[in-house]
>>> print(open('protein-v4.txt').read())   # compact mmCIF, C-alpha atoms
# COMPACT_ATOMS: atom_id res chain seq x y z
CA MET A 928 161.93 15.65 64.03
CA LYS A 929 165.01 17.72 63.37
CA SER A 930 166.66 20.25 65.65
CA GLU A 931 166.49 23.10 63.17
CA TYR A 932 163.95 24.47 60.65
CA ASP A 933 163.31 27.67 58.78
CA VAL A 934 159.79 27.93 60.17
CA ILE A 935 157.91 26.21 62.99
CA VAL A 936 154.12 26.56 62.96
CA VAL A 937 152.40 25.87 66.28
CA GLY A 938 148.87 24.63 65.64
CA ALA A 939 147.43 22.76 62.66
CA GLY A 940 144.06 24.46 62.22
CA PRO A 941 143.28 26.08 58.87
CA ALA A 942 145.35 29.23 59.62
CA GLY A 943 148.43 27.28 60.73
CA SER A 944 148.22 24.78 57.89
CA ILE A 945 147.91 27.51 55.26
CA ALA A 946 150.88 29.36 56.80
CA ALA A 947 152.89 26.13 56.73
CA ARG A 948 151.81 25.32 53.19
CA THR A 949 152.61 28.79 51.87
CA ALA A 950 156.04 28.82 53.52
CA ALA A 951 156.79 25.33 52.20
CA GLU A 952 155.72 26.35 48.70
CA HIS A 953 158.39 29.04 48.87
CA GLY A 954 160.92 26.26 49.43
CA LEU A 955 161.34 26.79 53.17
CA ASP A 956 161.99 23.96 55.60
CA VAL A 957 158.79 23.89 57.69
CA LEU A 958 157.62 22.01 60.78
CA LEU A 959 153.89 22.06 61.55
CA ILE A 960 153.00 20.80 65.02
CA GLU A 961 149.61 20.00 66.56
CA LYS A 962 149.20 19.34 70.26
CA ARG A 963 146.20 17.08 69.77
CA GLN A 964 146.75 13.55 68.61
CA GLU A 965 144.29 14.13 65.78
CA ILE A 966 144.17 17.18 63.54
CA GLY A 967 140.66 18.62 63.36
CA ASP A 968 139.28 16.84 66.38
CA PRO A 969 137.63 17.68 68.71
CA VAL A 970 135.77 20.29 66.69
CA ARG A 971 135.21 23.73 68.22
CA CYS A 972 133.25 25.36 65.44
CA ALA A 973 129.77 25.90 63.98
CA GLU A 974 131.36 25.01 60.63
CA GLY A 975 129.67 27.60 58.44
CA THR A 976 131.75 29.49 55.88
CA GLY A 977 131.45 31.35 52.58
CA LYS A 978 131.96 29.55 49.31
CA ASP A 979 133.94 32.22 47.46
CA GLY A 980 136.45 32.70 50.24
CA LEU A 981 137.08 29.02 50.70
CA SER A 982 137.76 28.34 47.04
CA LYS A 983 140.70 30.76 47.19
CA PHE A 984 142.50 28.25 49.38
CA MET A 985 141.21 24.76 48.68
CA ASP A 986 139.86 22.78 45.75
CA LEU A 987 136.31 22.12 46.86
CA ASP A 988 135.76 18.53 47.87
CA PRO A 989 132.40 16.93 48.76
CA LYS A 990 134.23 14.85 51.36
CA TRP A 991 134.31 17.84 53.70
CA ILE A 992 131.21 19.71 52.57
CA CYS A 993 128.11 18.63 54.51
CA ALA A 994 125.63 21.13 53.15
CA GLU A 995 125.38 24.03 50.72
CA VAL A 996 123.20 26.94 51.73
CA ASN A 997 121.71 29.77 49.68
CA GLY A 998 120.22 31.90 52.38
CA ALA A 999 119.75 32.77 56.00
CA ARG A 1000 116.76 33.37 58.23
CA ILE A 1001 117.06 35.57 61.27
CA PHE A 1002 114.37 35.21 63.92
CA ALA A 1003 113.70 38.10 66.29
CA PRO A 1004 112.75 37.30 69.89
CA ASP A 1005 109.01 37.56 69.06
CA GLY A 1006 109.42 35.09 66.21
CA SER A 1007 109.27 37.51 63.29
CA CYS A 1008 111.63 36.44 60.57
CA ILE A 1009 114.02 38.27 58.27
CA GLU A 1010 114.97 36.28 55.22
CA LEU A 1011 118.18 36.83 53.29
CA THR A 1012 118.11 34.68 50.21
CA GLU A 1013 120.30 34.69 47.17
CA LYS A 1014 118.05 35.57 44.26
CA LEU A 1015 119.74 33.43 41.72
CA ALA A 1016 118.54 29.88 42.03
CA GLY A 1017 121.38 27.42 42.27
CA LYS A 1018 123.81 30.03 43.51
CA GLU A 1019 124.84 28.49 46.77
CA VAL A 1020 126.79 31.03 48.78
CA GLY A 1021 127.76 29.14 51.86
CA PHE A 1022 128.92 25.80 53.09
CA VAL A 1023 128.59 23.90 56.30
CA LEU A 1024 131.80 21.93 56.61
CA GLU A 1025 132.91 18.76 58.30
CA ARG A 1026 135.83 20.34 60.12
CA LYS A 1027 137.27 17.01 61.22
CA ILE A 1028 137.87 16.14 57.59
CA PHE A 1029 138.46 19.67 56.34
CA ASP A 1030 141.24 20.54 58.81
CA ARG A 1031 142.97 17.31 57.97
CA ALA A 1032 142.65 18.03 54.25
CA VAL A 1033 144.23 21.47 54.69
CA ALA A 1034 147.07 19.99 56.75
CA LYS A 1035 147.60 17.42 54.00
CA THR A 1036 148.11 20.20 51.46
CA ALA A 1037 150.81 21.60 53.77
CA ALA A 1038 152.41 18.16 53.98
CA LYS A 1039 152.22 17.78 50.21
CA ALA A 1040 153.95 21.13 49.78
CA GLY A 1041 156.81 19.71 51.81
CA ALA A 1042 156.09 20.62 55.43
CA GLU A 1043 156.87 18.09 58.14
CA VAL A 1044 153.81 17.45 60.31
CA GLN A 1045 153.91 16.18 63.89
CA VAL A 1046 150.88 15.51 66.10
CA LYS A 1047 150.66 15.07 69.87
CA THR A 1048 153.41 17.67 69.89
CA GLN A 1049 153.04 20.89 71.80
CA ALA A 1050 155.12 23.99 72.32
CA THR A 1051 155.81 24.76 75.98
CA SER A 1052 157.98 27.87 75.63
CA LEU A 1053 159.99 29.91 73.15
CA LEU A 1054 163.72 30.04 72.57
CA LYS A 1055 165.09 33.58 72.28
CA ASP A 1056 168.50 34.85 71.22
CA GLY A 1057 170.61 37.40 73.11
CA LYS A 1058 168.54 40.26 71.69
CA GLY A 1059 165.22 38.71 72.67
CA VAL A 1060 164.35 37.67 69.12
CA VAL A 1061 162.38 34.41 69.01
CA CYS A 1062 164.53 31.65 67.50
CA GLY A 1063 162.68 28.40 68.16
CA ILE A 1064 160.58 26.48 70.62
CA LYS A 1065 160.82 24.11 73.51
CA GLY A 1066 158.13 21.49 73.49
CA LYS A 1067 156.87 18.06 74.27
CA HIS A 1068 156.58 15.37 71.61
CA ARG A 1069 154.46 12.46 72.87
CA GLY A 1070 155.62 13.30 76.37
CA ASP A 1071 159.32 13.72 75.59
CA ASP A 1072 160.96 17.14 75.89
CA PHE A 1073 162.54 18.57 72.76
CA GLU A 1074 164.05 21.79 71.47
CA ALA A 1075 163.98 22.96 67.88
CA ARG A 1076 165.38 26.15 66.44
CA ALA A 1077 163.62 28.15 63.74
CA LYS A 1078 164.18 31.45 62.02
CA VAL A 1079 160.51 32.28 62.50
CA VAL A 1080 157.84 30.76 64.76
CA VAL A 1081 154.19 31.07 63.74
CA GLY A 1082 151.69 31.06 66.62
CA ALA A 1083 148.55 29.42 65.22
CA ASP A 1084 147.52 28.07 68.58
CA GLY A 1085 143.94 29.20 68.55
CA VAL A 1086 141.77 31.06 71.00
CA GLU A 1087 143.79 29.69 73.93
CA SER A 1088 147.02 30.99 72.36
CA ARG A 1089 150.00 31.22 74.67
CA VAL A 1090 152.73 31.60 72.05
CA GLY A 1091 152.02 35.33 71.73
CA ARG A 1092 152.17 35.83 75.49
CA TRP A 1093 155.53 34.07 75.67
CA ALA A 1094 156.83 36.58 73.15
CA GLY A 1095 155.52 39.50 75.18
CA ILE A 1096 152.37 40.22 73.15
CA ASN A 1097 149.29 40.71 75.30
CA THR A 1098 146.67 38.33 73.92
CA VAL A 1099 144.39 38.18 76.98
CA ILE A 1100 140.75 38.52 75.90
CA LYS A 1101 138.33 40.53 78.05
CA PRO A 1102 135.05 38.80 78.92
CA LYS A 1103 133.19 41.46 76.93
CA ASP A 1104 135.20 40.47 73.86
CA ILE A 1105 134.65 36.74 73.83
CA GLU A 1106 131.71 34.69 72.64
CA THR A 1107 131.52 31.53 74.68
CA CYS A 1108 129.72 28.76 72.84
CA ALA A 1109 128.10 25.36 73.14
CA GLN A 1110 126.67 23.28 70.32
CA PHE A 1111 125.01 19.95 69.72
CA LEU A 1112 125.03 18.02 66.49
CA VAL A 1113 121.37 17.06 66.37
CA THR A 1114 119.93 14.42 64.11
CA ASP A 1115 116.44 13.45 62.96
CA ILE A 1116 114.95 16.95 63.12
CA ASP A 1117 112.87 19.08 60.74
CA ILE A 1118 115.02 21.88 59.37
CA LYS A 1119 115.35 24.01 56.26
CA ALA A 1120 118.27 22.16 54.75
CA ASP A 1121 119.51 24.99 52.50
CA SER A 1122 119.36 27.79 55.06
CA CYS A 1123 121.43 28.94 58.00
CA ASP A 1124 119.03 30.02 60.73
CA PHE A 1125 119.74 32.47 63.53
CA TYR A 1126 117.68 33.17 66.65
CA LEU A 1127 118.17 36.38 68.59
CA GLY A 1128 117.11 37.36 72.07
CA ASN A 1129 118.57 38.11 75.45
CA GLU A 1130 116.67 35.21 76.99
CA ARG A 1131 118.10 32.84 74.41
CA ALA A 1132 121.69 34.02 73.96
CA PRO A 1133 122.64 37.23 75.78
CA GLY A 1134 124.95 39.31 73.60
CA GLY A 1135 125.10 36.54 71.01
CA TYR A 1136 122.83 34.33 68.96
CA VAL A 1137 121.58 30.80 68.50
CA TRP A 1138 122.41 29.12 65.21
CA VAL A 1139 120.95 26.18 63.34
CA PHE A 1140 123.31 25.23 60.52
CA PRO A 1141 122.27 22.26 58.37
CA LYS A 1142 124.67 19.35 58.10
CA GLY A 1143 122.31 17.18 56.12
CA LYS A 1144 118.62 16.95 55.22
CA ARG A 1145 117.56 16.24 58.80
CA GLU A 1146 120.69 17.07 60.75
CA ALA A 1147 122.12 20.34 62.04
CA ASN A 1148 124.65 22.05 64.25
CA VAL A 1149 122.43 23.65 66.88
CA GLY A 1150 124.46 25.95 69.04
CA LEU A 1151 124.79 29.33 70.63
CA GLY A 1152 127.31 31.87 71.66
CA MET A 1153 126.90 34.37 74.46
CA LEU A 1154 129.08 37.26 75.48
CA GLY A 1155 131.40 36.36 78.36
CA SER A 1156 130.53 39.56 80.22
CA ARG A 1157 126.82 38.73 80.17
CA PHE A 1158 127.16 35.74 82.47
CA THR A 1159 124.58 35.84 85.24
CA GLY A 1160 124.67 32.25 86.43
CA LYS A 1161 123.69 30.33 83.31
CA HIS A 1162 126.36 28.91 81.03
CA PRO A 1163 125.98 28.40 77.25
CA ILE A 1164 125.22 24.72 77.79
CA ASP A 1165 122.24 25.70 79.98
CA TYR A 1166 120.84 28.09 77.37
CA LEU A 1167 121.36 25.42 74.73
CA HIS A 1168 119.32 22.88 76.69
CA GLU A 1169 116.51 25.44 76.94
CA PHE A 1170 116.60 26.14 73.21
CA MET A 1171 116.59 22.42 72.41
CA ALA A 1172 113.61 21.83 74.70
CA TRP A 1173 111.72 24.62 72.92
CA LYS A 1174 112.69 24.00 69.30
CA PHE A 1175 113.84 20.40 68.91
CA PRO A 1176 112.47 18.43 71.86
CA GLU A 1177 112.60 15.22 69.83
CA GLY A 1178 116.10 15.80 68.43
CA LYS A 1179 118.80 13.27 69.13
CA ILE A 1180 122.14 14.66 70.16
CA ILE A 1181 125.06 12.80 68.62
CA GLU A 1182 127.88 15.21 69.49
CA THR A 1183 128.67 17.96 71.99
CA VAL A 1184 130.90 20.79 70.84
CA VAL A 1185 132.20 23.66 72.96
CA GLY A 1186 134.43 26.57 72.15
CA ALA A 1187 135.08 30.24 72.37
CA VAL A 1188 135.43 32.85 69.66
CA PRO A 1189 137.43 36.07 69.97
CA ALA A 1190 135.12 39.04 69.30
CA SER A 1191 137.81 41.57 70.11
CA GLY A 1192 138.93 42.50 66.63
CA MET A 1193 142.48 41.72 65.65
CA LEU A 1194 145.37 42.30 68.02
CA LYS A 1195 147.07 45.68 67.82
CA GLN A 1196 150.35 43.81 67.48
CA LEU A 1197 150.51 40.58 65.47
CA SER A 1198 154.25 40.07 65.25
CA THR A 1199 157.58 40.64 66.92
CA GLY A 1200 161.15 39.58 66.21
CA GLY A 1201 161.07 36.00 64.89
CA LEU A 1202 157.36 35.51 65.53
CA VAL A 1203 153.95 36.09 63.95
CA LEU A 1204 150.44 35.22 65.13
CA VAL A 1205 147.76 33.95 62.72
CA GLY A 1206 144.10 32.96 62.93
CA ASP A 1207 142.28 33.01 66.26
CA ALA A 1208 145.65 33.43 67.99
CA GLY A 1209 145.82 36.84 66.29
CA ARG A 1210 142.09 37.38 67.03
CA VAL A 1211 141.23 37.83 63.35
CA SER A 1212 137.77 36.25 63.67
CA ASP A 1213 134.78 38.43 62.79
CA PRO A 1214 133.36 40.18 65.89
CA ILE A 1215 129.78 40.06 64.58
CA THR A 1216 129.43 36.65 62.98
CA GLY A 1217 132.24 34.88 64.81
CA GLY A 1218 133.42 33.48 61.49
CA GLY A 1219 137.13 32.77 61.51
CA ILE A 1220 137.98 30.09 58.95
CA TYR A 1221 138.44 32.38 55.98
CA ASN A 1222 140.10 35.21 57.90
CA GLY A 1223 142.41 32.69 59.53
CA MET A 1224 143.49 31.32 56.18
CA VAL A 1225 144.00 34.82 54.78
CA SER A 1226 146.31 35.64 57.69
CA GLY A 1227 148.11 32.31 57.26
CA ARG A 1228 148.83 32.96 53.60
CA ILE A 1229 150.11 36.47 54.26
CA ALA A 1230 152.30 35.09 57.06
CA GLY A 1231 153.83 32.45 54.77
CA ASN A 1232 154.63 35.04 52.10
CA VAL A 1233 156.06 37.65 54.45
CA ILE A 1234 158.16 35.09 56.32
CA SER A 1235 159.58 33.79 53.08
CA ASP A 1236 160.69 37.27 52.03
CA ALA A 1237 162.11 38.00 55.47
CA ILE A 1238 164.13 34.80 55.55
CA GLU A 1239 165.38 35.38 52.04
CA ALA A 1240 166.53 38.85 53.12
CA ASN A 1241 168.12 37.25 56.17
CA ASP A 1242 166.22 39.65 58.41
CA VAL A 1243 163.50 38.38 60.76
CA SER A 1244 163.57 41.40 63.05
CA ALA A 1245 160.41 42.87 64.53
CA LYS A 1246 160.69 45.74 62.09
CA LYS A 1247 160.90 43.47 59.07
CA LEU A 1248 158.00 41.29 60.18
CA GLN A 1249 155.80 44.33 60.75
CA ARG A 1250 154.99 44.01 57.09
CA TYR A 1251 152.80 41.10 58.17
CA ASP A 1252 150.81 43.38 60.48
CA ARG A 1253 150.43 45.95 57.73
CA GLU A 1254 149.25 43.47 55.12
CA VAL A 1255 146.78 41.73 57.42
CA ARG A 1256 145.45 45.10 58.53
CA GLU A 1257 145.02 46.09 54.91
CA GLU A 1258 143.28 42.86 53.99
CA LEU A 1259 141.11 42.31 57.08
CA GLY A 1260 141.71 45.13 59.53
CA LYS A 1261 139.25 47.68 58.21
CA LEU A 1262 136.42 45.20 58.14
CA LEU A 1263 137.25 43.87 61.59
CA ASP A 1264 137.51 47.36 63.09
CA ARG A 1265 134.16 48.31 61.61
CA ASN A 1266 132.47 45.10 62.71
CA TYR A 1267 133.94 45.47 66.20
CA LYS A 1268 132.38 48.91 66.53
CA ALA A 1269 129.10 47.54 65.24
CA LYS A 1270 129.26 44.59 67.63
CA GLU A 1271 129.85 46.89 70.62
CA PHE A 1272 126.58 48.59 69.69
CA ILE A 1273 124.54 45.55 68.66
CA VAL A 1274 125.18 43.57 71.85
CA LYS A 1275 123.39 46.30 73.82
CA ALA A 1276 120.12 45.87 71.90
CA ASP A 1277 117.22 44.74 74.07
CA ASP A 1278 114.55 42.36 72.84
CA HIS A 1279 112.06 45.14 72.23
CA LEU A 1280 114.48 46.89 69.89
CA MET A 1281 115.26 43.66 68.01
CA ASN A 1282 111.53 43.05 67.50
CA SER A 1283 110.87 46.53 66.20
CA VAL A 1284 113.85 46.36 63.86
CA ALA A 1285 112.59 43.06 62.50
CA LYS A 1286 109.20 44.67 61.91
CA SER A 1287 110.81 47.58 60.07
CA LEU A 1288 112.31 45.09 57.63
CA ARG A 1289 109.02 43.37 56.86
CA GLY A 1290 108.65 42.87 53.13
CA VAL A 1291 112.18 43.94 52.28
CA ASP A 1292 113.64 41.88 49.48
CA PHE A 1293 117.30 41.46 50.30
CA GLY A 1294 118.37 39.52 47.27
CA GLU A 1295 121.67 38.62 48.84
CA MET A 1296 123.04 37.16 52.03
CA SER A 1297 125.39 39.62 53.67
CA VAL A 1298 125.76 41.24 57.05
CA PRO A 1299 126.71 44.73 55.74
CA LYS A 1300 123.70 44.73 53.44
CA LEU A 1301 121.44 43.80 56.35
CA LEU A 1302 122.88 46.46 58.66
CA LYS A 1303 122.66 49.08 55.93
CA GLU A 1304 118.99 48.29 55.46
CA ILE A 1305 118.35 48.44 59.21
CA ILE A 1306 119.97 51.88 59.41
CA THR A 1307 118.01 53.20 56.43
CA ARG A 1308 114.67 51.94 57.65
CA ASN A 1309 115.07 53.23 61.20
CA PRO A 1310 116.21 56.81 60.62
CA GLY A 1311 117.82 58.47 63.61
CA MET A 1312 117.86 55.31 65.69
CA PHE A 1313 121.28 54.01 64.81
CA VAL A 1314 123.43 57.10 64.47
CA GLU A 1315 126.36 55.20 66.00
CA LEU A 1316 126.21 52.74 63.13
CA ALA A 1317 125.29 55.11 60.35
CA GLY A 1318 128.81 56.13 59.45
CA LEU A 1319 130.02 52.55 59.40
CA PHE A 1320 127.86 50.99 56.73
CA MET B 945 141.67 28.07 94.11
CA ILE B 946 140.16 27.05 90.78
CA THR B 947 138.96 23.50 90.41
CA VAL B 948 138.17 21.88 87.07
CA ASN B 949 135.48 19.26 86.87
CA ARG B 950 137.11 17.08 84.23
CA TYR B 951 133.94 15.12 83.64
CA ARG B 952 132.09 18.29 82.68
CA CYS B 953 134.93 20.13 80.90
CA GLY B 954 134.77 20.22 77.09
CA TYR B 955 138.47 21.22 76.84
CA CYS B 956 137.78 24.17 74.56
CA GLY B 957 140.31 26.61 76.02
CA ALA B 958 137.90 29.52 76.63
CA CYS B 959 139.24 29.83 80.18
CA VAL B 960 142.85 29.93 78.98
CA SER B 961 142.14 32.83 76.64
CA VAL B 962 140.78 35.12 79.38
CA CYS B 963 143.22 34.24 82.17
CA PRO B 964 145.14 37.43 83.01
CA LYS B 965 147.86 35.50 84.86
CA GLU B 966 148.65 32.85 82.26
CA ALA B 967 147.89 30.30 84.97
CA LEU B 968 145.80 28.02 82.77
CA ASP B 969 146.82 25.72 79.97
CA LEU B 970 144.85 23.42 77.71
CA VAL B 971 146.85 20.22 77.31
CA GLU B 972 145.22 17.92 74.78
CA ALA B 973 142.01 17.05 76.64
CA TYR B 974 142.42 18.64 80.03
CA ILE B 975 142.97 22.00 81.69
CA GLU B 976 145.96 22.58 83.95
CA VAL B 977 145.94 25.28 86.63
CA ASP B 978 149.27 26.42 88.04
CA ASP B 979 150.21 28.49 91.06
CA ARG B 980 150.14 31.80 89.22
CA CYS B 981 146.33 31.68 89.59
CA SER B 982 145.12 34.75 91.51
CA ASN B 983 141.61 33.42 92.18
CA CYS B 984 140.02 36.19 90.13
CA GLY B 985 137.34 33.79 88.87
CA ILE B 986 137.05 35.29 85.37
CA CYS B 987 137.50 31.83 83.84
CA THR B 988 134.49 30.44 85.71
CA LYS B 989 132.26 32.97 83.94
CA VAL B 990 133.28 32.21 80.39
CA CYS B 991 133.27 28.42 80.65
CA PRO B 992 130.60 27.12 78.23
CA MET B 993 130.03 24.06 80.39
CA GLY B 994 130.29 25.45 83.90
CA ALA B 995 133.19 23.13 84.61
CA LEU B 996 135.32 25.61 86.56
CA GLU B 997 134.68 26.59 90.13
CA LEU B 998 136.34 28.99 92.51
CA VAL B 999 136.59 27.32 95.90
CA GLU B 1000 137.96 28.58 99.20
CA ASP B 1001 141.56 27.62 99.84
CA GLU B 1002 142.00 25.13 102.65
CA GLU B 1003 144.44 26.45 105.21
>>> encode(input="protein-v4.txt", output="structure tokens")
Amino acid sequence: MKSEYDVIVVGAGPAGSIAARTAAEHGLDVLLIEKRQEIGDPVRCAEGTGKDGLSKFMDLDPKWICAEVNGARIFAPDGSCIELTEKLAGKEVGFVLERKIFDRAVAKTAAKAGAEVQVKTQATSLLKDGKGVVCGIKGKHRGDDFEARAKVVVGADGVESRVGRWAGINTVIKPKDIETCAQFLVTDIDIKADSCDFYLGNERAPGGYVWVFPKGKREANVGLGMLGSRFTGKHPIDYLHEFMAWKFPEGKIIETVVGAVPASGMLKQLSTGGLVLVGDAGRVSDPITGGGIYNGMVSGRIAGNVISDAIEANDVSAKKLQRYDREVREELGKLLDRNYKAKEFIVKADDHLMNSVAKSLRGVDFGEMSVPKLLKEIITRNPGMFVELAGLF
Amino acid sequence: MITVNRYRCGYCGACVSVCPKEALDLVEAYIEVDDRCSNCGICTKVCPMGALELVEDEE
């Protein structure tokens, strides 16, 4: 490790690796650090993502694609089912990834572009110049203290981000804005191997949902997220055990995964002098679905481009880096704002309402798998019931 | 004070993200609690595993 770089990226998830790769492709001297000793492990993700989005960042590789899906089934509390299936046969729209391999593959593309990668290396604080502009990090590399200067630091340190806080950005998530999740990788079970299944209900996952995402013909990520503010004594792991006992009593659990997803919408401030936040650290995950891989990579790419321009102009001031905020807001902000408003409404739905909405959709042919399309249909078929949502979709 | 049951903890960092005092840190595979903790207990409610507990301070 050197004592000086153009850019230091803290965190080697997809958002951090894409930021590092993009900056390196611009010819910058980049250090990408990961506090874990292995990139991609342990997994904290349900691993579902859209095909189109992903191919904008990576050449698709069967090594990290476990399953391709062409539809989704959403089960209301009373068991009635809404099916969203792509009409065109063979048009797979989603993937279930193997994040352990995927994250490593993305980091490798950053390395190939010229970034230096260090694992078991964490940031412990930020260096700041006389004017308070971030100009590097202090950290620990396999237990040894180090300091490294950088023109720009990228905080890609995930849901538990502290880099932003060190720079004076308030990243604290309120319990009502976090989905807290537990998941088992379950093998030897009967599933629909080309469908992502969702189960709703306040008894099953208060303010969230249960998911069954196929990872093979007879294997799936079975997990759930619940809203932090809806805790009444039972944790996600407890709800998950109940769901397993009901749905897959014979399933064999070969992995436990836990994690939390920001459902707050993106931070009002994503950058300051010498620093930008990407991915979950910037809270760019989708408040309704919880999906964050694509959005994270989008923010990472924008960060790499903006940083490159800023460094070339020899100006990494807060004002200059605000362009990052603007571009991310343009690319993702509208959608995240809208979905945050929708989420605030949806999480209040009781089971009775979910059942009646599911009934109202009986026989509807969706023809495509998309959340806006689904919500639009719900609003149309239940006139007057969802005035809060009506303007949004 | 907050205690972490390390055998139950899944080291996901949910607790760190909601801590208003920046008293928690996820270091590789364990959670550290420092003396900035104000015993608010928010972290115990968002833990997916129920690994965190607010216990009375011993005087």
>>> closest_residue(input="protein-v4.txt", among="B:Cys981, B:Val962, B:Cys987, B:Val999", to="chain A", atoms="only C-alpha atoms")
B:Val962
>>> residues_around(input="protein-v4.txt", residues="stretch 950-961 of chain B", least_positions_apart="3", cutoff="6 Å", atoms="all atoms listed in the file", output="MDAnalysis selection string")
(chainID A and resid 1086:1087 1099:1100 1185:1187) or (chainID B and resid 968:970 973:974 987 995)
>>> residues_around(input="protein-v4.txt", residues="stretch 1011-1013 of chain A", least_positions_apart="5", cutoff="9 Å", atoms="all atoms listed in the file", output="JSON, numbers by chain")
{"A": [997, 998, 999, 1000, 1001, 1018, 1019, 1020, 1122, 1292, 1293, 1294, 1295, 1296, 1297, 1301]}
>>> closest_residue(input="protein-v4.txt", among="B:Ala967, B:Val977, B:Val948, B:Cys991", to="chain A", atoms="all atoms listed in the file")
B:Cys991
>>> residues_near_point(input="protein-v4.txt", point="(130.3, 52.0, 58.8)", cutoff="10 Å", atoms="all atoms listed in the file", output="PyMOL selection string")
chain A and resi 1261-1262+1264-1266+1268-1269+1299+1302-1303+1315-1320
>>> atom_distance(input="protein-v4.txt", atom1="atom CA of A:Ser1226", atom2="atom CA of A:Ile992")
22.5 Å
>>> interface_residues(input="protein-v4.txt", of="chain A", to="chain B", cutoff="10 Å", atoms="only C-alpha atoms", output="ChimeraX atom specification")
/A:961-965,969-971,1047-1049,1051,1085-1089,1092-1093,1097-1110,1151-1166,1183-1189,1208
>>> closest_residue(input="protein-v4.txt", among="A:Pro1310, A:Pro1176, A:Gly954, A:Pro941", to="A:Ile966", atoms="all atoms listed in the file")
A:Pro941
>>> atom_distance(input="protein-v4.txt", atom1="atom CA of A:Glu995", atom2="atom CA of A:Lys1144")
10.8 Å
>>> atom_distance(input="protein-v4.txt", atom1="atom CA of A:Arg1210", atom2="atom CA of A:Ile945")
16.4 Å
>>> residues_near_point(input="protein-v4.txt", point="(121.3, 20.3, 63.3)", cutoff="8 Å", atoms="only C-alpha atoms", output="NGL selection string")
:A and (1111-1114 or 1116 or 1118 or 1139-1143 or 1145-1149)
>>> write_last_selection(input="protein-v4.txt", atoms="C-alpha atoms", output="short mmCIF file (atom, residue, chain, number, x, y, z; two decimals), in the coordinates of the input")
data_model
loop_
_atom_site.label_atom_id
_atom_site.label_comp_id
_atom_site.auth_asym_id
_atom_site.auth_seq_id
_atom_site.Cartn_x
_atom_site.Cartn_y
_atom_site.Cartn_z
CA PHE A 1111 125.01 19.95 69.72
CA LEU A 1112 125.03 18.02 66.49
CA VAL A 1113 121.37 17.06 66.37
CA THR A 1114 119.93 14.42 64.11
CA ILE A 1116 114.95 16.95 63.12
CA ILE A 1118 115.02 21.88 59.37
CA VAL A 1139 120.95 26.18 63.34
CA PHE A 1140 123.31 25.23 60.52
CA PRO A 1141 122.27 22.26 58.37
CA LYS A 1142 124.67 19.35 58.10
CA GLY A 1143 122.31 17.18 56.12
CA ARG A 1145 117.56 16.24 58.80
CA GLU A 1146 120.69 17.07 60.75
CA ALA A 1147 122.12 20.34 62.04
CA ASN A 1148 124.65 22.05 64.25
CA VAL A 1149 122.43 23.65 66.88
#
>>> residues_around(input="protein-v4.txt", residues="B:Glu1000", least_positions_apart="6", cutoff="10 Å", atoms="all atoms listed in the file", output="PyMOL selection string")
chain B and resi 945-946+983
>>> axis_aligned_box(input="protein-v4.txt", around="stretch 959-974 of chain B", padding_each_side="8 Å", output="AutoDock Vina command-line options")
--center_x 143.9 --center_y 27.2 --center_z 79.9 --size_x 25.4 --size_y 36.4 --size_z 26.2
>>> build_atoms(input="protein-v4.txt", residues="stretch 993-1002 of chain A", atoms="N, CA and C atoms", output="PDB file, in the frame of the given file")
ATOM      1  N   CYS A 993     129.319  19.320  54.061  1.00  0.00           N
ATOM      2  CA  CYS A 993     128.110  18.630  54.510  1.00  0.00           C
ATOM      3  C   CYS A 993     126.865  19.186  53.869  1.00  0.00           C
ATOM      4  N   ALA A 994     126.841  20.503  53.681  1.00  0.00           N
ATOM      5  CA  ALA A 994     125.630  21.130  53.150  1.00  0.00           C
ATOM      6  C   ALA A 994     126.020  22.411  52.429  1.00  0.00           C
ATOM      7  N   GLU A 995     125.227  22.743  51.399  1.00  0.00           N
ATOM      8  CA  GLU A 995     125.380  24.030  50.720  1.00  0.00           C
ATOM      9  C   GLU A 995     124.148  24.844  51.049  1.00  0.00           C
ATOM     10  N   VAL A 996     124.353  26.108  51.377  1.00  0.00           N
ATOM     11  CA  VAL A 996     123.200  26.940  51.730  1.00  0.00           C
ATOM     12  C   VAL A 996     123.120  28.140  50.797  1.00  0.00           C
ATOM     13  N   ASN A 997     121.879  28.598  50.557  1.00  0.00           N
ATOM     14  CA  ASN A 997     121.710  29.770  49.680  1.00  0.00           C
ATOM     15  C   ASN A 997     120.999  30.906  50.377  1.00  0.00           C
ATOM     16  N   GLY A 998     120.868  30.800  51.685  1.00  0.00           N
ATOM     17  CA  GLY A 998     120.220  31.900  52.380  1.00  0.00           C
ATOM     18  C   GLY A 998     120.298  31.749  53.872  1.00  0.00           C
ATOM     19  N   ALA A 999     119.775  32.781  54.545  1.00  0.00           N
ATOM     20  CA  ALA A 999     119.750  32.770  56.000  1.00  0.00           C
ATOM     21  C   ALA A 999     118.415  33.304  56.466  1.00  0.00           C
ATOM     22  N   ARG A1000     117.964  32.808  57.597  1.00  0.00           N
ATOM     23  CA  ARG A1000     116.760  33.370  58.230  1.00  0.00           C
ATOM     24  C   ARG A1000     117.149  33.823  59.626  1.00  0.00           C
ATOM     25  N   ILE A1001     116.756  35.033  59.945  1.00  0.00           N
ATOM     26  CA  ILE A1001     117.060  35.570  61.270  1.00  0.00           C
ATOM     27  C   ILE A1001     115.749  35.773  62.012  1.00  0.00           C
ATOM     28  N   PHE A1002     115.610  35.124  63.154  1.00  0.00           N
ATOM     29  CA  PHE A1002     114.370  35.210  63.920  1.00  0.00           C
ATOM     30  C   PHE A1002     114.546  36.161  65.110  1.00  0.00           C
TER      31      PHE A1002
END
